[in-house]
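Just below is one structure, and these are the notes that go with it.
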Amino acid sequence: MSDDSLEQQLKAEAARLGFCLAGIAPAVSPEGFSSLTQWLDRGMAGEMHYIERRRDAYEHPSGVLESVRSVVMLAMNYHTAEPAEPTAVSARVARYAWGTADYHDLLRDRLKQLADFLHQRRPGCRTRGVVDTAPLLERDFARQAGLGWFGKNTVLINRRAGSWLFLAALLTDVSLTPDAPHDTAHCGTCTRCLDACPTDAFPEPYVLDARRCISYLTIELRHQPIPLDLRDGIGDWLFGCDICQDVCPWDRKAPRTTEPAFQPQPDLRPADAIGLLQLDSDAFKARFRHTPLERPGRAGLLRNAAIVLGNTVRSDSPPSIRDTATVALMAALTDPEPLIRGAAAWALGKIGEERGIEALRQRALTEDDIAVRQEINAALLRIDST
Ligand code: SF4
Ligand code: SF4
């Protein structure tokens with residue numbers, strides 16, 4: 001039998017399971033609860049109504065596990081090799097989604113193993129593992145457990161590990177000795193992340209207006225068109241955005257993960273926007289089922305691909321690229337999903353190829369969805385005024 005304390009044994013087991021950081025926080029009201037309520041009151045959660053619906057549950061971890069006494073906070077590194085240089089029709093995917101697995105599944109499996117470990121040592125104890133989906137301010141508890149501080153980009157940063165970290169929590173009714181909270185912050189006078197955000201999503205340091213963030217727009221806002229004034233800022237981001245972490249000095253020397261499931265798949269770094277636009281429902285499912293890219297659904301992801309084409313295919317792009325992009329968008333203009341048709345109309349208008357414009361004119365005669373018709377008319381208007 002080990003002489004180590006239960007806390008030490010748990011941390012050693014967490015390390016064996018692939019978590020690069022582990023710490024223990026007491027099960028108390030998180031300091032960030034008032035910030036959450038202010039953020040919700042300012043409407044910054046946008047369409048993420050599930051947060052508002054469970055607002056009260058965030059006030060104490062007993063909203064997740066009734067008899068909770070301790071919160072074991074864990075972090076797993078997903079920093080992998082850099083992406084290939086983007087080409088004119090490539091689309092960028094946020095780093096966390098490059099691997100083969102949905103990280104929720106992988107982390108849940110590891111949490112289950114850690115919970116089993118605790119149950120063996122404290123038979124009859126209660127546990128609950130959390131990855132993202134429960135009403136728990138994981139980032140707050142991570143700071144409380146000593147794992148790091150909040151950057152001005154709102155992300156948890158660890159001096160040694162940087163910020164490419166998946167957070168997970170194991171709640172338990174076992175009383176564990178907590179670690180010291182991380183009481184210092186190390187952003188200093190740096191404002192790189194705030195300055196680099198292409199959609200001005202930070203109204204002030206440490207506050208993210210999700211409604212302007214590319215991650216929200218390309219993943220969470222999946223049933224609606226992306227607001228017109230934010231489309232240009234999306235640039236070549238197909239799914240999520242890494243910019244405010246990429247520019248952070250603390251991420252410059254972040255160690256690389258050896259986790260096989262997080263190693264990048266070649267077709268996602270970057271992705272092929274034209275190829276994506278041609279995926280029918282079955283092909284989409286076959287390629288993205290059980291991966292993070294499943295979340296926006298086919299309609300959301302192909303809408304994003306059309307936006308990327310509108311942003312990246314320019315007048316000086318090679319004619320072959322302008323041509324293939326236009327043909328793919330013309331096909332998308334007849335897609336059964338209005339969301340895709342609307343984005344395709346916008347992109348065809350931006351690219352401005354003659355046959356794409358003619359396709360817009362023809363579609364305007366038969367389109368029966370009001371929102372798509374408005375997109376087509378707006379695209380034609382922009383072309384006429386240039
Ligand atoms: S993820 Fe991208 S869009 Fe969102 S806040 Fe960071 S830089 Fe801005
Ligand atoms: S880029 Fe600078 S300000 Fe932003 S989180 Fe990193 S250190 Fe802090």
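Please note that chains go A, B, ... in the order of the structure tokens, that every chain numbers its residues from 1, and that ligands are numbered from 1 in the order shown.
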Throw together the list of residues within 10 Å of ligand 1, counting only C-alpha atoms and all ligand atoms, and drop it here as a PyMOL selection string.
chain A and resi 94+153-155+192-202+207-218+230+233-234+237+240-247
Quick one: residues within 12 Å of A:Gln38, only C-alpha atoms counted, chain neighbours fewer than 4 positions away excluded, as a PyMOL selection string?
chain A and resi 32-34+42-45+52+55+207-209
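Around A:Pro135, within 9 Å and counting only C-alpha atoms, the residues found are Ile51, Arg54, Arg55, Asp56, Ala57, Tyr58, Glu59, Pro61, Gly63, Val64, Asp132 and Glu138 of chain A, once anything fewer than 3 positions away on its own chain is removed.
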So which residues of stretch 129-271 of chain A fall under strand (DSSP E or B) by DSSP, listed as an MDAnalysis selection string?
chainID A and resid 129:130 149:150 156:158 162 165:172 204 207 237:239 271
Name the residues in contact with A:Arg256 at a cut-off of 10 Å, using only C-alpha atoms, excluding same-chain residues fewer than 3 positions from it; report them as JSON, numbers by chain.
{"A": [77, 78, 79, 80, 81, 161, 164, 253, 259, 263]}
Could those residues be written to a file, using N, CA and C atoms, as a compact mmCIF listing (two decimals), in the first residue's frame?
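This went into result.txt:
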# COMPACT_ATOMS: atom_id res chain seq x y z
N ASN A 77 -3.20 18.62 -22.22
CA ASN A 77 -2.58 19.44 -23.28
C ASN A 77 -3.00 18.94 -24.66
N TYR A 78 -3.42 19.86 -25.53
CA TYR A 78 -3.72 19.45 -26.92
C TYR A 78 -2.87 20.21 -27.94
N HIS A 79 -1.74 20.71 -27.49
CA HIS A 79 -0.86 21.46 -28.40
C HIS A 79 -0.11 20.51 -29.32
N THR A 80 -0.37 20.63 -30.61
CA THR A 80 0.28 19.72 -31.58
C THR A 80 1.06 20.54 -32.60
N ALA A 81 1.54 19.88 -33.61
CA ALA A 81 2.33 20.55 -34.65
C ALA A 81 1.55 21.69 -35.30
N ALA A 161 2.66 25.20 -19.03
CA ALA A 161 1.91 24.46 -20.06
C ALA A 161 1.22 25.36 -21.08
N TRP A 164 -3.10 25.83 -24.25
CA TRP A 164 -3.76 24.82 -25.10
C TRP A 164 -4.18 23.65 -24.22
N LYS A 253 6.11 28.72 -26.04
CA LYS A 253 6.94 27.54 -25.72
C LYS A 253 6.11 26.42 -25.10
N GLU A 259 -0.46 12.70 -26.98
CA GLU A 259 -1.72 11.94 -27.04
C GLU A 259 -2.06 11.60 -28.49
N GLN A 263 -3.45 14.03 -32.38
CA GLN A 263 -2.53 14.35 -33.48
C GLN A 263 -3.33 14.75 -34.71
